[in-house]
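Worksheet: the structure to be examined is printed underneath.
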Amino acid sequence: MRRSSIQMTQQVILEAPDLARLLTLLQTQGYRVLGPTVRDGAVVLDQLASLSQLPAGYIDQQDSGRYRLLRGELPTFFSHGPGPQAWKKFLFPPRQQLFVAKRRDGGFAVTAQSEIAPARQAFLGVRACDLQALTILDRVFLGGDYADAVYRARREGLLLVAVHCTTAGGTCFCASMGSGPRAASGFDLALTEVTADKRHYFLVEAGSERGLALCRELGCAEADDVDRAAATQLVENTASRMGRRLETDDLPERLQASPEHPRWEDAAARCLGCANCTLVCPTCFCHTVEDRTDLSGACAERQRRWDSCFTLDFSYIHGGSIRPSPRGRYRHWLTHKLGTWHPQFGTSGCVGCGRCITWCPVSIDITEEAAALCLPAAETSSRKDRTSP
Ligand code: SF4
Ligand code: SF4
């Protein structure tokens, strides 16, 4: 008989239907549980009231500029890849009111931010790449002398249930970025979803005292060597099946040495400047601040909203934009993401989730562009040349 005593390093078994008990437990502890669900033909992230909202039985096909959601053969909850939304939207909302000023007694009465922190949040189903992205965003918003109050309030109460990937998404390359498919740290619980021998269960690891307490409340049985081996094999298979990779050796230096590489022009000729790549990226954090007034002038509001370095206005300073060309904007994005992010935040700005590849309407692929930029200019053929018959 399996023992149910749990240490943080141990792994336990949660039968698939019992995932509902974990959801209920989090809800009764006051967490707003957020996770993947299907909407408009894609897996998006939203509040979960019940297990039935998870994308059970769905798989996806992803390639550059292509996403299709399909019914798979297994009833698994987490066989899909990263969807078009990243978890950042719950910590760094697309629109955030900063303050409201109302005319009163000849002056203004200012009320501070609305809803800095909603109810405590629990993220269910965070992939390894997205966990790494949260670590990066922590440095961006909480590092240095000026922490962001909205991000901090939301991050402090956050509970993270990770899922080790058992399916390689069509555009994923986390293995070459060292950010997946296994979540190494930063979670409260980590699940590996296993279907084998007519069983469907989760191998559960606690990564914090809070995770350990949840395991105890669930009364899970300890995993045995067979369970552990099955879970390990699934994640190792995922790493070996990843179709893309990014060579990161000396990449920042190589990009730094290539400001006039012809490949920038090649990418720019295709880029629409739509900003999809930055909006779906789990680490992009560019934003702008806007003031609005009502028509009477009695009330004004300041809002922060997501912006993108792909827009012309983003780099507008007195007299014009400092990156007026698509070439300059694409070069800025890629060299920051893969190069200058290192000295600024201590890591790459890319975690290999593949979202920018899938959701680029003209199929620009960051792995392909980075590889081409690392070749001497004379050896780089344009994409058009290489796809011509
Ligand atoms: S740059 Fe692309 S692949 Fe890298 S983290 Fe952002 S969206 Fe994912
Ligand atoms: S998603 Fe593609 S087309 Fe749109 S801005 Fe990014 S690279 Fe350009």
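Labeling convention for the structure tokens: chains A, B, ... as they appear, residues from 1 per chain, ligands from 1 in order of appearance.
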Close residues to ligand 1 using only C-alpha atoms and all ligand atoms, limit 10 Å, as a ChimeraX atom specification
/A:82,84-86,129-130,132-133,171-174,177,246,276-284,333-334,336-338,348-360,365-367
Each residue of chain A with at least one atom at most 6 Å from ligand 2 should appear once, together with its nearest atom pair and the corresponding distance in Å (one decimal); atoms considered: only C-alpha atoms and all ligand atoms; ordering: chain, then increasing residue number; output as JSON lines.
{"residue": "A:Cys271", "atom": "CA", "partner": "ligand 2", "partner_atom_place_in_ligand_line": "8 (Fe)", "distance": 3.7}
{"residue": "A:Leu272", "atom": "CA", "partner": "ligand 2", "partner_atom_place_in_ligand_line": "3 (S)", "distance": 4.0}
{"residue": "A:Gly273", "atom": "CA", "partner": "ligand 2", "partner_atom_place_in_ligand_line": "5 (S)", "distance": 3.7}
{"residue": "A:Cys274", "atom": "CA", "partner": "ligand 2", "partner_atom_place_in_ligand_line": "4 (Fe)", "distance": 3.9}
{"residue": "A:Ala275", "atom": "CA", "partner": "ligand 2", "partner_atom_place_in_ligand_line": "5 (S)", "distance": 4.0}
{"residue": "A:Asn276", "atom": "CA", "partner": "ligand 2", "partner_atom_place_in_ligand_line": "1 (S)", "distance": 4.2}
{"residue": "A:Cys277", "atom": "CA", "partner": "ligand 2", "partner_atom_place_in_ligand_line": "1 (S)", "distance": 4.1}
{"residue": "A:Phe310", "atom": "CA", "partner": "ligand 2", "partner_atom_place_in_ligand_line": "5 (S)", "distance": 5.8}
{"residue": "A:Cys360", "atom": "CA", "partner": "ligand 2", "partner_atom_place_in_ligand_line": "1 (S)", "distance": 3.7}
{"residue": "A:Pro361", "atom": "CA", "partner": "ligand 2", "partner_atom_place_in_ligand_line": "3 (S)", "distance": 5.8}
{"residue": "A:Val362", "atom": "CA", "partner": "ligand 2", "partner_atom_place_in_ligand_line": "3 (S)", "distance": 5.6}
{"residue": "A:Ile364", "atom": "CA", "partner": "ligand 2", "partner_atom_place_in_ligand_line": "2 (Fe)", "distance": 5.5}
Using only C-alpha atoms, determine which residues lie at most 10 Å from Asn237 (chain A), disregarding the query and same-chain residues fewer than 5 positions distant; provide the list as a PyMOL selection string.
chain A and resi 165-168+181+232+242
For region 182-194 of chain A, find every residue with an atom within 6 Å (counting only C-alpha atoms), except residues of its own chain fewer than 5 positions away, and show them as a list of chain:residue names.
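Residues meeting the cut-off are A:Ala128, A:Leu160, A:Val161, A:Ala162, A:Val163, A:His164, A:His200, A:Tyr201, A:Phe202, A:Leu203, A:Val204, A:Glu205, A:Ala206, A:Gly207, A:Ser208, A:Gly211.
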Same residues, C-alpha atoms, saved as a CSV table (one decimal), in the first residue's frame:
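Saved as out.csv:
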chain,number,residue,atom,x,y,z
A,128,ALA,CA,8.2,25.8,-18.1
A,160,LEU,CA,1.7,28.8,-9.5
A,161,VAL,CA,0.7,25.3,-10.6
A,162,ALA,CA,3.1,24.4,-13.4
A,163,VAL,CA,2.7,21.6,-16.0
A,164,HIS,CA,5.8,19.9,-17.4
A,200,HIS,CA,-4.8,8.9,-16.6
A,201,TYR,CA,-3.1,10.6,-13.7
A,202,PHE,CA,-0.8,13.4,-12.7
A,203,LEU,CA,2.6,13.1,-11.1
A,204,VAL,CA,2.7,16.0,-8.7
A,205,GLU,CA,5.7,17.7,-7.2
A,206,ALA,CA,5.6,20.3,-4.5
A,207,GLY,CA,8.0,23.2,-5.0
A,208,SER,CA,7.1,25.3,-2.0
A,211,GLY,CA,2.4,23.4,-2.5
Pick out the closest residue to Gln97 (chain A) from this set: A:Leu159, A:Leu251, A:Ala371, A:Val289. Count only C-alpha atoms.
A:Val289
Which polymer residues have any atom within 12 Å of an atom of Gly297 (chain A), counting only C-alpha atoms, with same-chain residues fewer than 5 positions away left out, as a PyMOL selection string?
chain A and resi 101-104+108+292
Here is a test: counting only C-alpha atoms, which residue of A:Leu212, A:Thr347, A:Phe123, A:Pro94 is nearest to Pro36 (chain A)?
A:Phe123
For a quick check of understanding, using only C-alpha atoms, which of A:Thr111, A:Ser179, A:Gln29, A:Thr248 has the smallest distance to Thr135 (chain A)?
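Nearest to Thr135 (chain A): A:Ser179.
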Which of region 157-257 of chain A fall in strand (DSSP E or B), as a list in words
Leu159, Leu160, Val161, Ala162, Val163, Leu189, Ala190, Leu191, Thr192, Glu193, Val194, Thr195, Ala196, Arg199, His200, Tyr201, Phe202, Leu203, Val204, Glu205, Ala206, Ala221 and Glu222 of chain A
Those residues you just picked out, can you put them in a file as a compact mmCIF listing (two decimals), in the first residue's frame with N, CA and C atoms?
# COMPACT_ATOMS: atom_id res chain seq x y z
N LEU A 159 -0.20 32.08 -6.77
CA LEU A 159 0.14 30.66 -6.59
C LEU A 159 0.29 30.04 -7.97
N LEU A 160 1.36 29.27 -8.16
CA LEU A 160 1.68 28.77 -9.50
C LEU A 160 1.62 27.23 -9.54
N VAL A 161 0.73 26.72 -10.38
CA VAL A 161 0.68 25.28 -10.64
C VAL A 161 1.23 25.07 -12.05
N ALA A 162 2.43 24.55 -12.13
CA ALA A 162 3.09 24.36 -13.43
C ALA A 162 2.68 23.02 -14.04
N VAL A 163 2.88 22.90 -15.33
CA VAL A 163 2.69 21.62 -16.03
C VAL A 163 3.94 21.36 -16.87
N LEU A 189 3.32 23.99 -7.22
CA LEU A 189 3.11 22.59 -7.60
C LEU A 189 3.50 22.44 -9.05
N ALA A 190 4.01 21.28 -9.42
CA ALA A 190 4.26 20.99 -10.85
C ALA A 190 3.65 19.63 -11.16
N LEU A 191 2.90 19.58 -12.26
CA LEU A 191 2.20 18.36 -12.66
C LEU A 191 2.82 17.80 -13.93
N THR A 192 2.92 16.47 -13.99
CA THR A 192 3.19 15.80 -15.27
C THR A 192 1.97 14.95 -15.56
N GLU A 193 1.34 15.19 -16.70
CA GLU A 193 0.12 14.45 -17.05
C GLU A 193 0.52 13.16 -17.76
N VAL A 194 0.07 12.03 -17.23
CA VAL A 194 0.47 10.73 -17.77
C VAL A 194 -0.77 9.94 -18.17
N THR A 195 -0.74 9.37 -19.38
CA THR A 195 -1.75 8.39 -19.76
C THR A 195 -0.99 7.13 -20.17
N ALA A 196 -1.19 6.08 -19.44
CA ALA A 196 -0.49 4.82 -19.75
C ALA A 196 -1.25 3.68 -19.11
N ARG A 199 -4.53 4.14 -17.59
CA ARG A 199 -4.60 5.08 -16.45
C ARG A 199 -4.40 6.49 -16.97
N HIS A 200 -4.97 7.45 -16.30
CA HIS A 200 -4.79 8.87 -16.60
C HIS A 200 -4.59 9.56 -15.25
N TYR A 201 -3.38 10.03 -15.01
CA TYR A 201 -3.09 10.61 -13.69
C TYR A 201 -2.05 11.71 -13.84
N PHE A 202 -1.84 12.43 -12.74
CA PHE A 202 -0.79 13.44 -12.68
C PHE A 202 0.25 13.04 -11.63
N LEU A 203 1.51 13.15 -12.04
CA LEU A 203 2.59 13.07 -11.06
C LEU A 203 2.77 14.50 -10.55
N VAL A 204 2.68 14.67 -9.25
CA VAL A 204 2.66 16.03 -8.66
C VAL A 204 3.90 16.23 -7.81
N GLU A 205 4.60 17.34 -8.04
CA GLU A 205 5.75 17.71 -7.20
C GLU A 205 5.40 18.99 -6.46
N ALA A 206 5.75 19.06 -5.21
CA ALA A 206 5.60 20.32 -4.46
C ALA A 206 6.90 21.09 -4.59
N ALA A 221 -1.42 9.95 -2.69
CA ALA A 221 -0.52 8.82 -2.42
C ALA A 221 0.83 9.07 -3.06
N GLU A 222 1.87 8.53 -2.45
CA GLU A 222 3.22 8.73 -2.97
C GLU A 222 3.41 8.02 -4.31
Check the smallest atom-to-atom distance from each of A:Ala268, A:Phe345, A:Arg304, A:Ala257 to Arg329 (chain A) using only C-alpha atoms, then report the winner.
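Checking each candidate against Arg329 (chain A), we get A:Ala268 as the closest.
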Nearest-residue call for Arg331 (chain A), choices A:Glu369, A:Asp313, A:Asp105, A:Asp46, using only C-alpha atoms:
A:Glu369
